[in-house]
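Visitor: Here it is: the structure, laid out below.
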Amino acid sequence: MLFRRRWAGALVAASALVATPFAVVGTAQAQGQTTLRAGVTQELDSLNPFITITRIGTDLTRLTYEYLTTYDPTDYHPVPGLAESWKTSDDKLTWTFTIRSGATWSDGQPVTAKDAAYTFNTMMTNPTAATANGNFVQGWDSVTATDDKTLVIRTKEPRSTMLALDVPIVPEHIWSKVTDLKAEPPLPLVGDGPFIVDDYKPSQFIKLKANKNYWRGAPKIGELDFVYYKNVDAEVQALKKGEIDLMNRLVPAQYESLKEDPTIRLNTGAGRRLNELLINPGATSSDNKPIGDGNPALKDVKLRQAIAQAVNSKALVDKVWGGFASEASGYIPPGFAEFHSDSAVKFDPAAANKLLDDNGYPKGNDGVRVDKTGKPLKLRLLGHAETNLDEQGSKYITGWLKDIGIAVDVQLVSDQKINDATTAANYDLVFSGWSANPDPDYVLSLQTCAARPNADGKGATPDSFLCDPEYDSLYQQQLAETDRTKRVEIVKKMQQVLQDRAALVILGYDNPLEAYRADKWAPFTTQPSTGGVIMNQQGYWGYYSATPGKTDKNAAASADATPTAAPGGNTGLIIGLAGGGVVVIAAAVLVVARLRRRGTADERE
C-alpha cells in the first residue's frame, strides 16, 4: 500500500532488451516514430483497471481509459471527459450524464453509455471489481443506460462526489467476457484514452502507443514508454546519457546536482502526496475476523499514541527531504488547502515516555519496555528497498523509538512484498503513502471499515485497517453533504479522529522533484498550472502534451507555456452551471490561444 495510487517500467524487443535496452527506441525514432521515455522505479501491481492501486497503475488507467469527468490542468476543477455534459435532479438523487458522440475504443467499436453502466454495475455487484475504486459506488441505487448517449445514476442519498468519480470506464464488449476479474487482461489493452498499453514486461518496461483516434485529437508523439530502474541513481544516469527523457522522485542531492546541466530542466511543485507510518491496530477483515500477524500490543491506542509522539517530522523534512517537503499536520495534504487540517501531533519524547510509564509498559534492564503480557516491545518496521524516505527515515525512526523504549527491526523489501504485507496486515509498522485527489473522498474512504479486504485480500483497498464507528459516521456525513463549507468542517473533524486513533502517523508531504531533457522536449503541461507537476497527475495532461522541441532552461515558466484548458486536442472547454445542469461551450478563444502556443511549445505535467 505504500506508494499506492499510481507506477513501473520500459520499452524494447524482448530479445534485445538485456544487451541493448534502447535499440528498439532508436529504430522507432529513425522511422519517424517519436517516443517519450519516462523512467520509473515503482513496480506495477496490475494492468487490471478494477484492482490496480499503485501510482504507475493509476497513471496507466488514466492514459488508457477515459473517465466520465477529469480535472482541469490549471486548477483541478472538474471538466468533461467521456461525459460531455451532465445535470442533476433537484433532490440531488438522480444524475444524468450525456456520453460524448464520436468516441471509439481502440478496436474501432463505439463508446456508449452501456460501457459506463456495465463498469459501474460490475463494481456494485462484484467484490473484486470494487477493489480499487469501490468507494465511489457505495450508496448508489441503480445505474442504467437509457440509450447509447444517456447514462442515469440514481443514489440513495445525495453524494458530494458525483463530479469526481475517479473510475476508468472499460469496454463492455471486452470485459463482459472475462470470467475472472482478478486476472490480468491480454495485451494490447482495448481503451479509449490518449494512449493504449501495447506491451509490458514486469520490472523492465511498459510500452504504450498513441491512440490516433482519441476524441481530443491524437497525441503529438507516437509512443510513450515507462522504463523501469532499480533505483533513482540509475534513473539519473540514464537521464544524463539521454536514455530516458523524463523522471521524477529525485532525492534532493540529485536535484541540486542537475541544476548546472544545460541539457536538463528541473521542476517541482507543492506535494499532493501524504507519507505515513502505519501502525497495525489489530487488523480485521471485512467480516470482522482477525487478519494478519501484527503485534497484539499495538491494539492499545495509548501505545500507538506514544509512537506518534516520538516521530519528528521536522527532522525528516530537513534531513531526508532536504527541505523539499512540508511538515506533518492533517491527513489531507496541504496542496489541497481547503480540506487540509493544521492540527499536528507534537514531537515530544518526554510525553511519550510518560504515557508508556503511566499505561503499564515498564522498561527492562536493557532499556526495552515490556508489554502487558511481559514480552519485550520489539516491532518490525517494513519499508521499500531503494527508496529514500524508507531507507533514510527508518534509521531516524529506529532511534526515536529506542528513546522511548521500543526496539525496532527494520526490513527493507520489494514494492510487491510491501503491497502483499500491507493488504494482508502482515506488519507491525510500515511506511506507506497515498497521492490524494482534489476531492478528498477516496483517501478518506481508505480508513473506513468498508475498506477492509476479505480473507483473500480482495474486495476493497485497505490502508491502516482502522475500523472506528465515529470515523465511519463522519465519513458518511461528508459523502452526503453537498454544502461545501459544511463538508469541509466534517472532513477536518475526520482528520482529528485519525490523529487521535493513531493507526497511522503522518510523516510529511514531499514535493515531487522532476527533471526532463530540455534539449529534446518543449515544456510540458503541469497540473496545476502554477506550482504543478508533470508526472502522476490527476489526469493525462503531462504525457498528452509531450512535444518534441527544446526548452529554454533558464526561462521561468510563462503563461504562454501553460494551457488554460484541455491541451493538445481539438476543443477548448468551458464549464458553466445552468440551473441543475452543466453547459459545455466550445471556446474559440481558447482554441486560438492553444494554436498560438503550439507554434512554440506546450507544457507537460
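Scheme for the C-alpha cells: letters A, B, ... for chains in order shown; per-chain residue numbers from 1; ligand numbers from 1 in order shown.
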Would you please extract all strand (DSSP E) residues from segment 64-277 of chain A, as assigned by DSSP on the backbone, and give them as a ChimeraX atom specification?

Guide: /A:69-71,78-80,83-88,94-99,140-147,150-155,195-201,205-210,223-228,246-247,264-268,273-277

Visitor: For C-alpha atoms, I'd like the residues from the last selection saved as a PDB file, in the first residue's frame.

Guide:
```pdb
ATOM      1  CA  THR A  69     -15.034  13.667 -15.938  1.00  0.00           C
ATOM      2  CA  THR A  70     -11.445  14.663 -15.414  1.00  0.00           C
ATOM      3  CA  TYR A  71      -9.631  17.502 -13.659  1.00  0.00           C
ATOM      4  CA  PRO A  78     -13.944  19.100 -12.956  1.00  0.00           C
ATOM      5  CA  VAL A  79     -14.184  19.221 -16.749  1.00  0.00           C
ATOM      6  CA  PRO A  80     -15.827  16.879 -19.269  1.00  0.00           C
ATOM      7  CA  ALA A  83     -19.336  12.703 -20.450  1.00  0.00           C
ATOM      8  CA  GLU A  84     -19.689  15.901 -22.449  1.00  0.00           C
ATOM      9  CA  SER A  85     -22.371  17.305 -20.127  1.00  0.00           C
ATOM     10  CA  TRP A  86     -24.468  16.378 -17.117  1.00  0.00           C
ATOM     11  CA  LYS A  87     -27.360  17.504 -14.952  1.00  0.00           C
ATOM     12  CA  THR A  88     -28.802  16.565 -11.604  1.00  0.00           C
ATOM     13  CA  THR A  94     -30.523  11.442  -9.978  1.00  0.00           C
ATOM     14  CA  TRP A  95     -27.567  12.313 -12.194  1.00  0.00           C
ATOM     15  CA  THR A  96     -27.866  12.201 -15.964  1.00  0.00           C
ATOM     16  CA  PHE A  97     -24.649  12.172 -17.988  1.00  0.00           C
ATOM     17  CA  THR A  98     -24.582  12.664 -21.746  1.00  0.00           C
ATOM     18  CA  ILE A  99     -21.850  10.499 -23.275  1.00  0.00           C
ATOM     19  CA  TRP A 140     -25.856   4.030  -5.246  1.00  0.00           C
ATOM     20  CA  ASP A 141     -29.278   2.649  -6.073  1.00  0.00           C
ATOM     21  CA  SER A 142     -29.054   1.958  -9.810  1.00  0.00           C
ATOM     22  CA  VAL A 143     -27.129   2.710 -12.999  1.00  0.00           C
ATOM     23  CA  THR A 144     -28.795   2.452 -16.390  1.00  0.00           C
ATOM     24  CA  ALA A 145     -28.064   3.371 -19.985  1.00  0.00           C
ATOM     25  CA  THR A 146     -31.371   4.593 -21.351  1.00  0.00           C
ATOM     26  CA  ASP A 147     -29.789   4.868 -24.801  1.00  0.00           C
ATOM     27  CA  THR A 150     -27.524   8.731 -21.843  1.00  0.00           C
ATOM     28  CA  LEU A 151     -26.280   7.369 -18.520  1.00  0.00           C
ATOM     29  CA  VAL A 152     -28.550   7.700 -15.488  1.00  0.00           C
ATOM     30  CA  ILE A 153     -27.189   7.161 -11.972  1.00  0.00           C
ATOM     31  CA  ARG A 154     -29.605   7.112  -9.036  1.00  0.00           C
ATOM     32  CA  THR A 155     -28.284   7.301  -5.500  1.00  0.00           C
ATOM     33  CA  PHE A 195      -2.557   6.146 -25.209  1.00  0.00           C
ATOM     34  CA  ILE A 196      -3.030   2.370 -25.267  1.00  0.00           C
ATOM     35  CA  VAL A 197      -0.869  -0.118 -23.343  1.00  0.00           C
ATOM     36  CA  ASP A 198       0.706  -2.279 -26.028  1.00  0.00           C
ATOM     37  CA  ASP A 199       3.406  -4.327 -24.275  1.00  0.00           C
ATOM     38  CA  TYR A 200       4.634  -4.990 -20.743  1.00  0.00           C
ATOM     39  CA  LYS A 201       7.378  -6.966 -19.059  1.00  0.00           C
ATOM     40  CA  PHE A 205       9.114  -1.858 -19.282  1.00  0.00           C
ATOM     41  CA  ILE A 206       5.607  -0.743 -20.131  1.00  0.00           C
ATOM     42  CA  LYS A 207       5.082   0.364 -23.711  1.00  0.00           C
ATOM     43  CA  LEU A 208       2.130   2.465 -24.896  1.00  0.00           C
ATOM     44  CA  LYS A 209       1.144   3.589 -28.369  1.00  0.00           C
ATOM     45  CA  ALA A 210      -0.638   6.820 -29.180  1.00  0.00           C
ATOM     46  CA  GLU A 223       4.851   6.109 -28.311  1.00  0.00           C
ATOM     47  CA  LEU A 224       5.178   6.514 -24.558  1.00  0.00           C
ATOM     48  CA  ASP A 225       7.461   4.110 -22.730  1.00  0.00           C
ATOM     49  CA  PHE A 226       7.887   3.676 -18.981  1.00  0.00           C
ATOM     50  CA  VAL A 227      11.384   2.327 -18.357  1.00  0.00           C
ATOM     51  CA  TYR A 228      11.958   0.544 -15.065  1.00  0.00           C
ATOM     52  CA  LEU A 246      11.677  12.371 -18.103  1.00  0.00           C
ATOM     53  CA  MET A 247      11.745  11.247 -14.473  1.00  0.00           C
ATOM     54  CA  ILE A 264      18.148  19.228 -18.287  1.00  0.00           C
ATOM     55  CA  ARG A 265      15.281  21.268 -16.862  1.00  0.00           C
ATOM     56  CA  LEU A 266      14.028  20.768 -13.321  1.00  0.00           C
ATOM     57  CA  ASN A 267      10.514  21.099 -11.953  1.00  0.00           C
ATOM     58  CA  THR A 268       8.954  20.931  -8.518  1.00  0.00           C
ATOM     59  CA  ARG A 273       1.141  13.039  -1.504  1.00  0.00           C
ATOM     60  CA  LEU A 274       0.840  12.131   2.156  1.00  0.00           C
ATOM     61  CA  ASN A 275       3.596   9.970   3.611  1.00  0.00           C
ATOM     62  CA  GLU A 276       2.686   7.915   6.629  1.00  0.00           C
ATOM     63  CA  LEU A 277       3.814   5.298   9.085  1.00  0.00           C
TER      64      LEU A 277
END
```

Visitor: If we count only C-alpha atoms, what is near Leu355 of chain A at a cut-off of 8 Å, once residues fewer than 4 positions away on the same chain are taken out, given as a ChimeraX atom specification?

Guide: /A:302-303,306,351,359

Visitor: Return the single residue from A:Asp500, A:Asp403, A:Asp420, A:Glu43 that is closest to Ala308 of chain A, with distances computed using only C-alpha atoms.

Guide: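 When distances to Ala308 of chain A are compared using only C-alpha atoms, the smallest one comes from A:Asp500.
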
Visitor: Would you kindly return, as number ranges by chain, each protein, DNA or RNA residue with an atom no farther than 7 Å from any atom of segment 114-131 of chain A, considering only C-alpha atoms and excluding same-chain residues fewer than 3 positions away?

Guide: A: 50-51, 111, 134, 137, 143-145, 148, 151, 169-172, 181-182, 458-461

Visitor: Between atom CA of Arg249 of chain A and atom CA of Glu235 of chain A, what is the spacing in Å?

Guide: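 Taking atom CA of Glu235 of chain A as the start and atom CA of Arg249 of chain A as the end point, the length is 9.9 Å.
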
Visitor: Running DSSP on the backbone, which parts of segment 246-336 of chain A land in alpha helix (DSSP H), as a ChimeraX atom specification?

Guide: /A:252-257,301-309,313-315

Visitor: Take the selection from the previous step and output its residues with N, CA and C atoms, as a compact mmCIF listing (two decimals), in the first residue's frame.

Guide:
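Result saved to out.txt:
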```txt
# COMPACT_ATOMS: atom_id res chain seq x y z
N PRO A 252 16.84 15.11 -2.97
CA PRO A 252 17.33 16.49 -3.01
C PRO A 252 18.75 16.64 -3.56
N ALA A 253 19.66 15.76 -3.16
CA ALA A 253 21.05 15.88 -3.63
C ALA A 253 21.13 15.74 -5.14
N GLN A 254 20.35 14.82 -5.70
CA GLN A 254 20.35 14.64 -7.15
C GLN A 254 19.74 15.86 -7.85
N TYR A 255 18.68 16.37 -7.28
CA TYR A 255 18.00 17.54 -7.85
C TYR A 255 18.97 18.72 -7.91
N GLU A 256 19.68 18.95 -6.82
CA GLU A 256 20.63 20.06 -6.78
C GLU A 256 21.78 19.84 -7.75
N SER A 257 22.21 18.60 -7.91
CA SER A 257 23.36 18.31 -8.78
C SER A 257 23.05 18.54 -10.25
N VAL A 301 -4.45 1.86 22.04
CA VAL A 301 -4.33 3.17 21.43
C VAL A 301 -3.29 4.03 22.15
N LYS A 302 -3.08 3.81 23.45
CA LYS A 302 -2.08 4.59 24.19
C LYS A 302 -0.68 4.29 23.68
N LEU A 303 -0.39 3.05 23.37
CA LEU A 303 0.90 2.68 22.80
C LEU A 303 1.08 3.33 21.44
N ARG A 304 0.04 3.30 20.64
CA ARG A 304 0.12 3.90 19.31
C ARG A 304 0.31 5.42 19.40
N GLN A 305 -0.37 6.04 20.35
CA GLN A 305 -0.22 7.49 20.52
C GLN A 305 1.19 7.85 20.95
N ALA A 306 1.79 7.02 21.78
CA ALA A 306 3.16 7.27 22.21
C ALA A 306 4.13 7.18 21.03
N ILE A 307 3.90 6.22 20.15
CA ILE A 307 4.74 6.10 18.95
C ILE A 307 4.61 7.36 18.09
N ALA A 308 3.38 7.85 17.97
CA ALA A 308 3.15 9.06 17.17
C ALA A 308 3.89 10.26 17.76
N GLN A 309 3.92 10.37 19.10
CA GLN A 309 4.61 11.49 19.74
C GLN A 309 6.12 11.40 19.61
N SER A 313 8.72 14.95 12.59
CA SER A 313 8.51 15.26 11.18
C SER A 313 9.49 16.31 10.68
N LYS A 314 9.79 17.32 11.49
CA LYS A 314 10.70 18.37 11.06
C LYS A 314 12.06 17.80 10.70
N ALA A 315 12.53 16.84 11.46
CA ALA A 315 13.82 16.22 11.16
C ALA A 315 13.78 15.49 9.83
```

Visitor: Which value, in Å to one decimal, gives the distance between atom CA of Leu165 of chain A and atom CA of Leu93 of chain A?

Guide: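 Atom-to-atom, atom CA of Leu165 of chain A and atom CA of Leu93 of chain A are spaced 15.4 Å apart.
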
Visitor: Name all residues at most 12 Å from Gly374 of chain A (count only C-alpha atoms; drop same-chain ones fewer than 4 positions away) and give them as JSON, numbers by chain.

Guide: {"A": [297, 360, 361, 362, 363, 364, 368, 369, 370, 378]}

Visitor: Take the residues from that selection and put them in a file with N, CA and C atoms, as a short mmCIF file (atom, residue, chain, number, x, y, z; two decimals), in the first residue's frame.

Guide:
```
data_model
loop_
_atom_site.label_atom_id
_atom_site.label_comp_id
_atom_site.auth_asym_id
_atom_site.auth_seq_id
_atom_site.Cartn_x
_atom_site.Cartn_y
_atom_site.Cartn_z
N ALA A 297 0.15 -6.06 21.04
CA ALA A 297 0.28 -4.92 21.94
C ALA A 297 -0.19 -3.63 21.26
N GLY A 360 1.41 1.05 31.84
CA GLY A 360 1.80 -0.33 32.06
C GLY A 360 2.82 -0.90 31.11
N TYR A 361 3.80 -0.08 30.69
CA TYR A 361 4.88 -0.55 29.80
C TYR A 361 6.23 -0.22 30.44
N PRO A 362 6.61 -0.95 31.47
CA PRO A 362 7.88 -0.66 32.17
C PRO A 362 9.09 -1.04 31.33
N LYS A 363 10.21 -0.34 31.57
CA LYS A 363 11.45 -0.64 30.88
C LYS A 363 12.19 -1.77 31.59
N GLY A 364 12.80 -2.64 30.79
CA GLY A 364 13.65 -3.68 31.33
C GLY A 364 15.05 -3.17 31.54
N VAL A 368 14.59 -1.73 26.98
CA VAL A 368 13.44 -2.06 26.15
C VAL A 368 12.24 -2.31 27.05
N ARG A 369 11.13 -1.69 26.77
CA ARG A 369 9.93 -1.89 27.56
C ARG A 369 9.34 -3.27 27.31
N VAL A 370 8.50 -3.70 28.24
CA VAL A 370 7.76 -4.94 28.05
C VAL A 370 6.28 -4.61 27.96
N LYS A 378 9.22 -5.29 20.86
CA LYS A 378 10.06 -5.30 19.67
C LYS A 378 9.15 -5.35 18.44
#
```

Visitor: Measuring atom to atom with only C-alpha atoms, identify which of A:Asp409, A:Asp59, A:Asp233, A:Asp287 is nearest to Ile534 of chain A.

Guide: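 The shortest atom-to-atom distance to Ile534 of chain A comes from A:Asp59.
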
Visitor: To one decimal place, how far is atom CA of Leu401 of chain A from atom CA of Phe431 of chain A in Å?

Guide: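 So the two atoms, atom CA of Leu401 of chain A and atom CA of Phe431 of chain A, lie 14.9 Å apart.
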
Visitor: Taking only C-alpha atoms into account, name the residue in A:Asn280, A:Pro296, A:Ser435, A:Leu82 that is nearest to Lys375 of chain A.

Guide: A:Pro296

Visitor: When you count only C-alpha atoms, which of these residues is closest to Pro185 of chain A: A:Leu47, A:Val408, A:Ala352, A:Val167?

Guide: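 Using only C-alpha atoms, the shortest distance to Pro185 of chain A belongs to A:Leu47.
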
Visitor: Taking only C-alpha atoms into account, produce a table as CSV in which each residue of segment 27-77 of chain A with an atom at most 12 Å from an atom of segment 515-521 of chain A appears once, together with its shortest atom pair and the distance in Å to one decimal, ordered by chain and rising number.

Guide:
```
residue,atom,partner,partner_atom,distance
A:Thr34,CA,A:Lys520,CA,10.9
A:Thr35,CA,A:Trp521,CA,10.9
A:Leu36,CA,A:Trp521,CA,9.0
A:Arg37,CA,A:Tyr516,CA,10.0
A:Ala38,CA,A:Tyr516,CA,8.9
A:Gly39,CA,A:Tyr516,CA,10.1
```

Visitor: Deliver the residues from the most recent selection as a file, using N, CA, C and O atoms, as a short mmCIF file (atom, residue, chain, number, x, y, z; two decimals), in the first residue's frame.

Guide:
```
data_model
loop_
_atom_site.label_atom_id
_atom_site.label_comp_id
_atom_site.auth_asym_id
_atom_site.auth_seq_id
_atom_site.Cartn_x
_atom_site.Cartn_y
_atom_site.Cartn_z
N THR A 34 8.13 9.21 -32.93
CA THR A 34 8.69 9.90 -31.77
C THR A 34 8.25 9.21 -30.49
O THR A 34 7.07 8.97 -30.28
N THR A 35 9.21 8.91 -29.62
CA THR A 35 8.93 8.19 -28.39
C THR A 35 9.38 9.00 -27.18
O THR A 35 10.51 9.50 -27.13
N LEU A 36 8.49 9.17 -26.22
CA LEU A 36 8.84 9.75 -24.94
C LEU A 36 9.12 8.62 -23.98
O LEU A 36 8.28 7.72 -23.80
N ARG A 37 10.30 8.67 -23.33
CA ARG A 37 10.68 7.61 -22.40
C ARG A 37 10.75 8.18 -20.99
O ARG A 37 11.53 9.08 -20.73
N ALA A 38 9.92 7.67 -20.11
CA ALA A 38 9.85 8.14 -18.73
C ALA A 38 10.41 7.07 -17.80
O ALA A 38 9.98 5.91 -17.85
N GLY A 39 11.35 7.44 -16.97
CA GLY A 39 11.91 6.49 -16.02
C GLY A 39 11.04 6.36 -14.78
O GLY A 39 10.47 7.32 -14.30
#
```

Visitor: Quick one: residues within 8 Å of Asp510 of chain A, only C-alpha atoms counted, chain neighbours fewer than 4 positions away excluded, as a count of residues only?

Guide: 10
